[in-house]
file structure.cif (mmCIF, C-alpha atoms)
data_work
loop_
_atom_site.group_PDB
_atom_site.id
_atom_site.type_symbol
_atom_site.label_atom_id
_atom_site.label_comp_id
_atom_site.auth_asym_id
_atom_site.auth_seq_id
_atom_site.Cartn_x
_atom_site.Cartn_y
_atom_site.Cartn_z
ATOM 1 C CA MET A 91 5.360 -10.892 13.891
ATOM 2 C CA GLU A 92 9.132 -10.814 13.561
ATOM 3 C CA GLN A 93 9.298 -14.612 13.328
ATOM 4 C CA GLU A 94 7.017 -14.826 10.286
ATOM 5 C CA LEU A 95 8.726 -16.933 7.646
ATOM 6 C CA LEU A 96 8.815 -15.515 4.123
ATOM 7 C CA ARG A 97 10.116 -16.969 0.881
ATOM 8 C CA ILE A 98 13.342 -15.391 -0.311
ATOM 9 C CA PHE A 99 14.444 -15.024 -3.920
ATOM 10 C CA ASN A 100 17.513 -14.258 -5.989
ATOM 11 C CA GLU A 101 17.624 -11.325 -8.407
ATOM 12 C CA ASN A 102 16.052 -13.507 -11.113
ATOM 13 C CA ARG A 103 12.943 -13.988 -8.940
ATOM 14 C CA GLU A 104 13.882 -17.623 -8.335
ATOM 15 C CA PRO A 105 13.011 -18.957 -4.834
ATOM 16 C CA VAL A 106 16.084 -19.893 -2.816
ATOM 17 C CA GLY A 107 14.641 -20.651 0.620
ATOM 18 C CA THR A 108 12.897 -18.997 3.564
ATOM 19 C CA ALA A 109 13.901 -16.635 6.350
ATOM 20 C CA PRO A 110 12.298 -14.665 9.212
ATOM 21 C CA ARG A 111 11.024 -11.220 8.253
ATOM 22 C CA GLU A 112 13.464 -9.413 10.565
ATOM 23 C CA GLU A 113 16.417 -11.134 8.931
ATOM 24 C CA ILE A 114 15.065 -10.419 5.454
ATOM 25 C CA HIS A 115 14.859 -6.689 6.156
ATOM 26 C CA ARG A 116 18.244 -6.658 7.883
ATOM 27 C CA LYS A 117 20.090 -8.500 5.126
ATOM 28 C CA GLY A 118 18.110 -7.163 2.194
ATOM 29 C CA TYR A 119 16.822 -10.454 0.816
ATOM 30 C CA TRP A 120 14.312 -10.280 -2.022
ATOM 31 C CA HIS A 121 10.821 -11.295 -0.853
ATOM 32 C CA GLU A 122 7.206 -11.125 -2.041
ATOM 33 C CA THR A 123 4.623 -8.550 -1.037
ATOM 34 C CA PHE A 124 1.007 -7.815 -1.913
ATOM 35 C CA HIS A 125 -0.077 -4.242 -2.727
ATOM 36 C CA CYS A 126 -3.729 -3.283 -3.197
ATOM 37 C CA TRP A 127 -4.588 0.234 -4.349
ATOM 38 C CA PHE A 128 -8.174 1.443 -3.949
ATOM 39 C CA ALA A 129 -9.327 3.924 -6.596
ATOM 40 C CA LYS A 130 -12.767 5.442 -7.049
ATOM 41 C CA GLU A 131 -14.338 7.349 -9.931
ATOM 42 C CA GLU A 132 -16.451 10.363 -9.041
ATOM 43 C CA ASN A 133 -17.696 12.940 -11.528
ATOM 44 C CA GLY A 134 -15.069 12.019 -14.101
ATOM 45 C CA LYS A 135 -12.199 12.162 -11.614
ATOM 46 C CA ILE A 136 -10.148 9.328 -10.101
ATOM 47 C CA PHE A 137 -9.476 9.370 -6.353
ATOM 48 C CA LEU A 138 -6.764 7.310 -4.651
ATOM 49 C CA TYR A 139 -7.073 6.009 -1.090
ATOM 50 C CA PHE A 140 -4.175 5.928 1.375
ATOM 51 C CA GLN A 141 -3.955 4.339 4.781
ATOM 52 C CA LEU A 142 -2.454 6.310 7.650
ATOM 53 C CA ARG A 143 -0.050 3.938 9.342
ATOM 54 C CA SER A 144 -0.417 3.589 13.095
ATOM 55 C CA ALA A 145 1.921 5.685 15.227
ATOM 56 C CA ASN A 146 2.920 2.417 16.903
ATOM 57 C CA LYS A 147 4.234 0.783 13.733
ATOM 58 C CA LYS A 148 7.929 -0.080 13.768
ATOM 59 C CA ASP A 149 8.434 1.028 10.159
ATOM 60 C CA TYR A 150 7.202 4.403 8.874
ATOM 61 C CA PRO A 151 4.846 5.210 11.799
ATOM 62 C CA GLY A 152 2.247 7.887 11.126
ATOM 63 C CA MET A 153 2.941 8.015 7.388
ATOM 64 C CA LEU A 154 0.565 7.664 4.452
ATOM 65 C CA ASP A 155 0.859 4.449 2.467
ATOM 66 C CA ILE A 156 -0.743 2.108 -0.076
ATOM 67 C CA THR A 157 -4.409 1.430 0.780
ATOM 68 C CA ALA A 158 -3.596 -2.099 1.976
ATOM 69 C CA ALA A 159 -0.353 -4.044 1.681
ATOM 70 C CA GLY A 160 1.680 -6.713 3.388
ATOM 71 C CA HIS A 161 4.082 -9.602 3.119
ATOM 72 C CA LEU A 162 3.248 -12.950 1.561
ATOM 73 C CA LEU A 163 4.199 -15.727 3.958
ATOM 74 C CA ALA A 164 6.226 -18.744 2.895
ATOM 75 C CA ASP A 165 3.124 -20.938 2.689
ATOM 76 C CA GLU A 166 0.918 -18.377 0.918
ATOM 77 C CA SER A 167 0.075 -17.755 -2.722
ATOM 78 C CA VAL A 168 -0.547 -14.337 -4.251
ATOM 79 C CA ARG A 169 -4.304 -14.963 -3.950
ATOM 80 C CA ASP A 170 -3.909 -15.162 -0.182
ATOM 81 C CA GLY A 171 -2.781 -11.546 -0.174
ATOM 82 C CA ILE A 172 -6.382 -10.357 -0.031
ATOM 83 C CA ARG A 173 -6.339 -11.201 3.684
ATOM 84 C CA GLU A 174 -4.314 -7.995 4.127
ATOM 85 C CA VAL A 175 -7.233 -5.934 2.854
ATOM 86 C CA GLU A 176 -9.727 -7.384 5.305
ATOM 87 C CA GLU A 177 -7.277 -7.443 8.213
ATOM 88 C CA GLU A 178 -6.001 -3.875 7.838
ATOM 89 C CA ILE A 179 -9.023 -1.917 6.598
ATOM 90 C CA GLY A 180 -11.961 -4.301 7.068
ATOM 91 C CA VAL A 181 -13.120 -4.479 3.450
ATOM 92 C CA LYS A 182 -14.122 -7.962 2.299
ATOM 93 C CA LEU A 183 -13.510 -8.653 -1.359
ATOM 94 C CA MET A 184 -12.780 -11.518 -3.715
ATOM 95 C CA PHE A 185 -9.510 -11.973 -5.553
ATOM 96 C CA SER A 186 -11.444 -11.959 -8.838
ATOM 97 C CA GLU A 187 -12.487 -8.350 -8.162
ATOM 98 C CA LEU A 188 -8.878 -7.175 -8.313
ATOM 99 C CA LYS A 189 -7.099 -6.016 -11.444
ATOM 100 C CA LEU A 190 -3.413 -6.926 -11.699
ATOM 101 C CA LEU A 191 -1.342 -3.848 -12.476
ATOM 102 C CA ASP A 192 2.134 -5.381 -12.547
ATOM 103 C CA ILE A 193 4.768 -7.298 -10.607
ATOM 104 C CA ILE A 194 7.356 -4.697 -9.661
ATOM 105 C CA ASP A 195 10.846 -5.114 -8.214
ATOM 106 C CA TYR A 196 11.943 -2.207 -6.077
ATOM 107 C CA SER A 197 14.324 -1.386 -3.278
ATOM 108 C CA VAL A 198 14.200 1.087 -0.414
ATOM 109 C CA THR A 199 16.879 1.487 2.265
ATOM 110 C CA THR A 200 15.996 3.500 5.370
ATOM 111 C CA GLY A 201 18.473 3.289 8.223
ATOM 112 C CA GLU A 202 18.898 -0.398 9.064
ATOM 113 C CA LEU A 203 15.886 -1.397 6.950
ATOM 114 C CA ARG A 204 16.843 -2.844 3.553
ATOM 115 C CA ASP A 205 13.566 -3.561 1.810
ATOM 116 C CA ASN A 206 13.898 -5.462 -1.492
ATOM 117 C CA GLU A 207 10.424 -6.408 -2.648
ATOM 118 C CA ILE A 208 8.872 -8.361 -5.473
ATOM 119 C CA ALA A 209 5.566 -6.533 -5.258
ATOM 120 C CA HIS A 210 2.384 -8.021 -6.724
ATOM 121 C CA VAL A 211 0.469 -4.797 -7.336
ATOM 122 C CA PHE A 212 -3.311 -4.777 -7.751
ATOM 123 C CA LEU A 213 -6.078 -2.239 -8.282
ATOM 124 C CA TYR A 214 -9.476 -2.461 -6.604
ATOM 125 C CA PRO A 215 -12.114 -0.209 -8.227
ATOM 126 C CA PHE A 216 -13.823 0.982 -5.053
ATOM 127 C CA HIS A 217 -17.529 1.834 -5.077
ATOM 128 C CA GLY A 218 -18.119 2.262 -1.367
ATOM 129 C CA THR A 219 -17.842 5.048 1.197
ATOM 130 C CA SER A 220 -15.701 5.792 4.232
ATOM 131 C CA SER A 221 -18.149 3.856 6.415
ATOM 132 C CA ASP A 222 -17.014 0.628 4.705
ATOM 133 C CA PHE A 223 -13.590 0.864 6.325
ATOM 134 C CA VAL A 224 -13.055 -0.933 9.638
ATOM 135 C CA LEU A 225 -9.533 -0.247 10.798
ATOM 136 C CA GLN A 226 -7.105 -2.613 12.496
ATOM 137 C CA LYS A 227 -5.836 -0.195 15.130
ATOM 138 C CA GLU A 228 -2.436 -1.851 15.533
ATOM 139 C CA GLU A 229 -1.760 -1.236 11.846
ATOM 140 C CA VAL A 230 -3.910 1.646 10.598
ATOM 141 C CA SER A 231 -5.197 4.788 12.284
ATOM 142 C CA GLY A 232 -6.964 6.487 9.377
ATOM 143 C CA ILE A 233 -7.880 6.599 5.696
ATOM 144 C CA TYR A 234 -7.326 9.573 3.397
ATOM 145 C CA ARG A 235 -7.918 10.177 -0.284
ATOM 146 C CA THR A 236 -6.880 12.623 -2.978
ATOM 147 C CA GLU A 237 -7.250 13.073 -6.720
ATOM 148 C CA LEU A 238 -4.872 10.908 -8.713
ATOM 149 C CA THR A 239 -3.829 13.884 -10.848
ATOM 150 C CA ALA A 240 -2.908 15.897 -7.751
ATOM 151 C CA PHE A 241 -0.793 13.069 -6.338
ATOM 152 C CA LYS A 242 0.895 12.623 -9.705
ATOM 153 C CA GLU A 243 1.832 16.323 -9.733
ATOM 154 C CA LEU A 244 3.232 15.930 -6.215
ATOM 155 C CA ILE A 245 5.392 12.977 -7.333
ATOM 156 C CA GLU A 246 6.590 14.898 -10.383
ATOM 157 C CA GLY A 247 7.496 17.959 -8.326
ATOM 158 C CA VAL A 248 4.874 20.182 -9.950
ATOM 159 C CA ARG A 249 3.352 20.716 -6.512
ATOM 160 C CA LYS A 250 5.073 20.932 -3.141
ATOM 161 C CA ASP A 251 2.006 19.678 -1.307
ATOM 162 C CA ILE A 252 -1.579 18.558 -1.821
ATOM 163 C CA VAL A 253 -4.782 18.646 0.223
ATOM 164 C CA ILE A 254 -6.096 15.234 1.261
ATOM 165 C CA ASP A 255 -9.403 14.390 2.945
ATOM 166 C CA GLY A 256 -10.341 11.483 5.177
ATOM 167 C CA PHE A 257 -10.782 10.374 8.741
ATOM 168 C CA GLU A 258 -8.789 9.146 11.713
ATOM 169 C CA GLU A 259 -9.783 7.040 14.696
ATOM 170 C CA ASP A 260 -8.530 7.298 18.257
ATOM 171 C CA SER A 261 -7.968 4.466 20.736
ATOM 172 C CA ASP A 262 -11.623 4.644 21.810
ATOM 173 C CA ASP A 263 -12.881 4.095 18.237
ATOM 174 C CA ASN A 264 -13.991 7.699 17.893
ATOM 175 C CA ARG A 265 -13.878 8.648 14.207
ATOM 176 C CA CYS A 266 -13.001 12.216 13.260
ATOM 177 C CA VAL A 267 -13.296 13.647 9.748
ATOM 178 C CA LYS A 268 -10.077 15.443 8.828
ATOM 179 C CA GLN A 269 -8.300 17.313 6.082
ATOM 180 C CA MET A 270 -4.556 17.831 5.869
ATOM 181 C CA THR A 271 -1.968 19.392 3.621
ATOM 182 C CA ALA A 272 0.673 16.799 2.773
ATOM 183 C CA GLY A 273 4.029 16.972 1.030
ATOM 184 C CA MET A 274 6.061 13.964 -0.067
ATOM 185 C CA GLU A 275 7.553 13.723 3.416
ATOM 186 C CA ARG A 276 4.164 12.448 4.680
ATOM 187 C CA PHE A 277 4.164 9.459 2.319
ATOM 188 C CA VAL A 278 6.113 6.215 2.745
ATOM 189 C CA PRO A 279 9.237 6.628 0.555
ATOM 190 C CA HIS A 280 8.534 4.077 -2.135
ATOM 191 C CA GLU A 281 10.668 4.806 -5.174
ATOM 192 C CA ASP A 282 9.373 7.599 -7.417
ATOM 193 C CA SER A 283 9.589 5.158 -10.322
ATOM 194 C CA TYR A 284 7.222 2.820 -8.455
ATOM 195 C CA TYR A 285 4.679 5.563 -7.799
ATOM 196 C CA LYS A 286 4.829 6.864 -11.382
ATOM 197 C CA LYS A 287 4.396 3.407 -12.896
ATOM 198 C CA VAL A 288 1.517 2.497 -10.602
ATOM 199 C CA LEU A 289 -0.317 5.770 -11.218
ATOM 200 C CA ALA A 290 -0.019 5.364 -14.988
ATOM 201 C CA LEU A 291 -1.339 1.799 -14.783
ATOM 202 C CA ILE A 292 -4.245 2.820 -12.536
ATOM 203 C CA GLU A 293 -5.226 5.508 -15.035
ATOM 204 C CA GLN A 294 -5.210 2.918 -17.820
ATOM 205 C CA LYS A 295 -7.253 0.384 -15.853
ATOM 206 C CA MET A 296 -9.758 2.988 -14.624
ATOM 207 C CA ALA A 297 -10.291 4.339 -18.156
ATOM 208 C CA GLY A 298 -13.027 1.784 -18.681
ATOM 209 C CA VAL A 299 -14.791 2.969 -15.532
ATOM 210 C CA LEU A 300 -14.951 6.643 -16.463
#
call {"tool": "encode", "arguments": {"input": "structure.cif", "output": "structure tokens"}}
result
Amino acid sequence: MEQELLRIFNENREPVGTAPREEIHRKGYWHETFHCWFAKEENGKIFLYFQLRSANKKDYPGMLDITAAGHLLADESVRDGIREVEEEIGVKLMFSELKLLDIIDYSVTTGELRDNEIAHVFLYPFHGTSSDFVLQKEEVSGIYRTELTAFKELIEGVRKDIVIDGFEEDSDDNRCVKQMTAGMERFVPHEDSYYKKVLALIEQKMAGVL
């Protein structure tokens, strides 16, 4: 995994070459990623889905994150990003089913990790159930969801924590329904500006579904 080659970019989003992923995160090169947010309408409310990252992940183990996301390799286009959805959470979909939210530049530095991403951010209006998720154990150990409005209030500091519902799977594929109370410390520390922008765009895109 560490030897995956990714395209690197300057601050004007112009490609300037390729580099291994480990080097990109160590030196803080700009690179492309694919983010896919699942949202579902139920009874006039919008629910967001989060993956629970595996405890064995090198970065942010055991934390809640975007439904499905990953790096775009040097030989991949943005359309190829949908492989992340099937690989991580087992949901097969077509690129045409996604709604582009935005292409967002953002930076997060955690310890030795300098993550400068050009993120292609998409929405998938989800109509399924928890049984549709088939988890890639090396990457994902569970799926949780919460109301968009509740998560927005958490981001804005109106709430200190929220209740989220979902399931987790153990190493023997046993699935257990769970509920947890989560503060911001449980979520991968994407920039607040990223979360706020994405939530606003999801609300706009889902307006036609309600």
call {"tool": "closest_residue", "arguments": {"input": "structure.cif", "among": "A:Glu207, A:Glu131, A:Asp165, A:Asp263", "to": "Tyr284 of chain A", "atoms": "all atoms listed in the file"}}
result
A:Glu207
call {"tool": "resolve_selection", "arguments": {"input": "structure.cif", "expression": "the PyMOL selection byres ((chain A and resi 296) around 10)", "output": "PyMOL selection string"}}
result
chain A and resi 129-131+135-136+189+213-215+291-295+297-300
call {"tool": "closest_residue", "arguments": {"input": "structure.cif", "among": "A:Val175, A:Leu244, A:Ala164, A:Cys126", "to": "Phe277 of chain A", "atoms": "only C-alpha atoms"}}
result
A:Leu244
call {"tool": "residues_around", "arguments": {"input": "structure.cif", "residues": "Glu94 of chain A", "least_positions_apart": "5", "cutoff": "10 Å", "atoms": "all atoms listed in the file", "output": "PyMOL selection string"}}
result
chain A and resi 108-112+161-164
call {"tool": "resolve_selection", "arguments": {"input": "structure.cif", "expression": "the PyMOL selection byres ((chain A and resi 283) around 12)", "output": "PyMOL selection string"}}
result
chain A and resi 194-198+242+245-246+279-282+284-290
call {"tool": "atom_distance", "arguments": {"input": "structure.cif", "atom1": "atom CA of Leu225 of chain A", "atom2": "atom CA of Gly160 of chain A"}}
result
14.9 Å
call {"tool": "atom_distance", "arguments": {"input": "structure.cif", "atom1": "atom CA of Arg103 of chain A", "atom2": "atom CA of Gly118 of chain A"}}
result
14.0 Å
call {"tool": "closest_residue", "arguments": {"input": "structure.cif", "among": "A:Glu178, A:Thr219, A:Ile252, A:Glu187", "to": "Glu237 of chain A", "atoms": "all atoms listed in the file"}}
result
A:Ile252
call {"tool": "atom_distance", "arguments": {"input": "structure.cif", "atom1": "atom CA of Gly247 of chain A", "atom2": "atom CA of Thr271 of chain A"}}
result
15.3 Å
call {"tool": "residues_around", "arguments": {"input": "structure.cif", "residues": "His210 of chain A", "least_positions_apart": "6", "cutoff": "10 Å", "atoms": "all atoms listed in the file", "output": "list in words"}}
result
Glu122, Thr123, Phe124, His125, Cys126, Ala159, Leu162, Val168, Gly171, Leu190, Leu191, Asp192, Ile193, Ile194 and Asp195 of chain A
call {"tool": "closest_residue", "arguments": {"input": "structure.cif", "among": "A:Glu113, A:Asn206, A:Arg169, A:Phe140", "to": "Asn100 of chain A", "atoms": "all atoms listed in the file"}}
result
A:Asn206
call {"tool": "resolve_selection", "arguments": {"input": "structure.cif", "expression": "the PyMOL selection byres ((chain A and resi 255) around 8)", "output": "list of chain:residue names"}}
result
A:Tyr234, A:Arg235, A:Thr236, A:Val253, A:Ile254, A:Gly256, A:Phe257, A:Val267, A:Lys268, A:Gln269, A:Met270
call {"tool": "write_last_selection", "arguments": {"input": "structure.cif", "atoms": "C-alpha atoms", "output": "PDB file, keeping the file's coordinate frame"}}
result
ATOM      1  CA  TYR A 234      -7.326   9.573   3.397  1.00  0.00           C
ATOM      2  CA  ARG A 235      -7.918  10.177  -0.284  1.00  0.00           C
ATOM      3  CA  THR A 236      -6.880  12.623  -2.978  1.00  0.00           C
ATOM      4  CA  VAL A 253      -4.782  18.646   0.223  1.00  0.00           C
ATOM      5  CA  ILE A 254      -6.096  15.234   1.261  1.00  0.00           C
ATOM      6  CA  GLY A 256     -10.341  11.483   5.177  1.00  0.00           C
ATOM      7  CA  PHE A 257     -10.782  10.374   8.741  1.00  0.00           C
ATOM      8  CA  VAL A 267     -13.296  13.647   9.748  1.00  0.00           C
ATOM      9  CA  LYS A 268     -10.077  15.443   8.828  1.00  0.00           C
ATOM     10  CA  GLN A 269      -8.300  17.313   6.082  1.00  0.00           C
ATOM     11  CA  MET A 270      -4.556  17.831   5.869  1.00  0.00           C
TER      12      MET A 270
END
call {"tool": "residues_around", "arguments": {"input": "structure.cif", "residues": "Trp127 of chain A", "least_positions_apart": "3", "cutoff": "8 Å", "atoms": "only C-alpha atoms", "output": "list in words"}}
result
Leu138, Tyr139, Ile156, Thr157, Ala158, Val211, Phe212, Leu213 and Tyr214 of chain A
call {"tool": "closest_residue", "arguments": {"input": "structure.cif", "among": "A:Ser144, A:Val230, A:Pro151, A:Arg97", "to": "Glu166 of chain A", "atoms": "only C-alpha atoms"}}
result
A:Arg97
call {"tool": "residues_near_point", "arguments": {"input": "structure.cif", "point": "(-13.0, 1.2, 20.5)", "cutoff": "12 Å", "atoms": "only C-alpha atoms", "output": "mmCIF file with C-alpha atoms, in the coordinates of the input"}}
result
data_model
loop_
_atom_site.group_PDB
_atom_site.id
_atom_site.type_symbol
_atom_site.label_atom_id
_atom_site.label_comp_id
_atom_site.auth_asym_id
_atom_site.auth_seq_id
_atom_site.Cartn_x
_atom_site.Cartn_y
_atom_site.Cartn_z
ATOM 1 C CA VAL A 224 -13.055 -0.933 9.638
ATOM 2 C CA LEU A 225 -9.533 -0.247 10.798
ATOM 3 C CA GLN A 226 -7.105 -2.613 12.496
ATOM 4 C CA LYS A 227 -5.836 -0.195 15.130
ATOM 5 C CA SER A 231 -5.197 4.788 12.284
ATOM 6 C CA GLU A 259 -9.783 7.040 14.696
ATOM 7 C CA ASP A 260 -8.530 7.298 18.257
ATOM 8 C CA SER A 261 -7.968 4.466 20.736
ATOM 9 C CA ASP A 262 -11.623 4.644 21.810
ATOM 10 C CA ASP A 263 -12.881 4.095 18.237
ATOM 11 C CA ASN A 264 -13.991 7.699 17.893
ATOM 12 C CA ARG A 265 -13.878 8.648 14.207
#
call {"tool": "closest_residue", "arguments": {"input": "structure.cif", "among": "A:Glu104, A:Glu229, A:Ser186, A:Trp120", "to": "Glu174 of chain A", "atoms": "all atoms listed in the file"}}
result
A:Glu229
call {"tool": "residues_near_point", "arguments": {"input": "structure.cif", "point": "(17.1, -5.2, 3.1)", "cutoff": "6 Å", "atoms": "all atoms listed in the file", "output": "PyMOL selection string"}}
result
chain A and resi 115-119+203-206
call {"tool": "residues_around", "arguments": {"input": "structure.cif", "residues": "Gly232 of chain A", "least_positions_apart": "4", "cutoff": "6 Å", "atoms": "all atoms listed in the file", "output": "mmCIF file with C-alpha atoms, in the frame of the given file"}}
result
data_model
loop_
_atom_site.group_PDB
_atom_site.id
_atom_site.type_symbol
_atom_site.label_atom_id
_atom_site.label_comp_id
_atom_site.auth_asym_id
_atom_site.auth_seq_id
_atom_site.Cartn_x
_atom_site.Cartn_y
_atom_site.Cartn_z
ATOM 1 C CA GLN A 141 -3.955 4.339 4.781
ATOM 2 C CA LEU A 142 -2.454 6.310 7.650
ATOM 3 C CA PHE A 257 -10.782 10.374 8.741
ATOM 4 C CA GLU A 258 -8.789 9.146 11.713
#
call {"tool": "build_atoms", "arguments": {"input": "structure.cif", "residues": "segment 124-137 of chain A", "atoms": "N, CA, C and O atoms", "output": "PDB file, keeping the file's coordinate frame"}}
result
ATOM      1  N   PHE A 124       2.304  -7.999  -1.257  1.00  0.00           N
ATOM      2  CA  PHE A 124       1.007  -7.815  -1.913  1.00  0.00           C
ATOM      3  C   PHE A 124       0.591  -6.363  -1.709  1.00  0.00           C
ATOM      4  O   PHE A 124       0.521  -5.890  -0.576  1.00  0.00           O
ATOM      5  N   HIS A 125       0.348  -5.639  -2.797  1.00  0.00           N
ATOM      6  CA  HIS A 125      -0.077  -4.242  -2.727  1.00  0.00           C
ATOM      7  C   HIS A 125      -1.462  -4.121  -3.348  1.00  0.00           C
ATOM      8  O   HIS A 125      -1.674  -4.591  -4.472  1.00  0.00           O
ATOM      9  N   CYS A 126      -2.384  -3.503  -2.658  1.00  0.00           N
ATOM     10  CA  CYS A 126      -3.729  -3.283  -3.197  1.00  0.00           C
ATOM     11  C   CYS A 126      -4.086  -1.802  -3.103  1.00  0.00           C
ATOM     12  O   CYS A 126      -4.217  -1.251  -2.011  1.00  0.00           O
ATOM     13  N   TRP A 127      -4.223  -1.174  -4.258  1.00  0.00           N
ATOM     14  CA  TRP A 127      -4.588   0.234  -4.349  1.00  0.00           C
ATOM     15  C   TRP A 127      -6.087   0.353  -4.585  1.00  0.00           C
ATOM     16  O   TRP A 127      -6.628  -0.219  -5.526  1.00  0.00           O
ATOM     17  N   PHE A 128      -6.766   1.122  -3.737  1.00  0.00           N
ATOM     18  CA  PHE A 128      -8.174   1.443  -3.949  1.00  0.00           C
ATOM     19  C   PHE A 128      -8.253   2.729  -4.767  1.00  0.00           C
ATOM     20  O   PHE A 128      -7.573   3.719  -4.455  1.00  0.00           O
ATOM     21  N   ALA A 129      -9.082   2.718  -5.802  1.00  0.00           N
ATOM     22  CA  ALA A 129      -9.327   3.924  -6.596  1.00  0.00           C
ATOM     23  C   ALA A 129     -10.821   4.031  -6.864  1.00  0.00           C
ATOM     24  O   ALA A 129     -11.498   3.012  -7.070  1.00  0.00           O
ATOM     25  N   LYS A 130     -11.333   5.234  -6.853  1.00  0.00           N
ATOM     26  CA  LYS A 130     -12.767   5.442  -7.049  1.00  0.00           C
ATOM     27  C   LYS A 130     -12.993   6.552  -8.065  1.00  0.00           C
ATOM     28  O   LYS A 130     -12.315   7.586  -8.027  1.00  0.00           O
ATOM     29  N   GLU A 131     -13.963   6.323  -8.954  1.00  0.00           N
ATOM     30  CA  GLU A 131     -14.338   7.349  -9.931  1.00  0.00           C
ATOM     31  C   GLU A 131     -15.509   8.147  -9.397  1.00  0.00           C
ATOM     32  O   GLU A 131     -16.501   7.581  -8.941  1.00  0.00           O
ATOM     33  N   GLU A 132     -15.356   9.472  -9.419  1.00  0.00           N
ATOM     34  CA  GLU A 132     -16.451  10.363  -9.041  1.00  0.00           C
ATOM     35  C   GLU A 132     -16.450  11.568  -9.962  1.00  0.00           C
ATOM     36  O   GLU A 132     -15.440  12.284 -10.049  1.00  0.00           O
ATOM     37  N   ASN A 133     -17.539  11.770 -10.656  1.00  0.00           N
ATOM     38  CA  ASN A 133     -17.696  12.940 -11.528  1.00  0.00           C
ATOM     39  C   ASN A 133     -16.531  13.096 -12.505  1.00  0.00           C
ATOM     40  O   ASN A 133     -16.023  14.202 -12.731  1.00  0.00           O
ATOM     41  N   GLY A 134     -16.115  11.977 -13.085  1.00  0.00           N
ATOM     42  CA  GLY A 134     -15.069  12.019 -14.101  1.00  0.00           C
ATOM     43  C   GLY A 134     -13.660  12.146 -13.546  1.00  0.00           C
ATOM     44  O   GLY A 134     -12.712  12.293 -14.322  1.00  0.00           O
ATOM     45  N   LYS A 135     -13.521  12.070 -12.230  1.00  0.00           N
ATOM     46  CA  LYS A 135     -12.199  12.162 -11.614  1.00  0.00           C
ATOM     47  C   LYS A 135     -11.878  10.860 -10.881  1.00  0.00           C
ATOM     48  O   LYS A 135     -12.779  10.164 -10.410  1.00  0.00           O
ATOM     49  N   ILE A 136     -10.590  10.529 -10.797  1.00  0.00           N
ATOM     50  CA  ILE A 136     -10.148   9.328 -10.101  1.00  0.00           C
ATOM     51  C   ILE A 136      -9.533   9.732  -8.764  1.00  0.00           C
ATOM     52  O   ILE A 136      -8.652  10.599  -8.707  1.00  0.00           O
ATOM     53  N   PHE A 137     -10.001   9.110  -7.688  1.00  0.00           N
ATOM     54  CA  PHE A 137      -9.476   9.370  -6.353  1.00  0.00           C
ATOM     55  C   PHE A 137      -8.722   8.136  -5.855  1.00  0.00           C
ATOM     56  O   PHE A 137      -9.194   7.011  -6.012  1.00  0.00           O
TER      57      PHE A 137
END
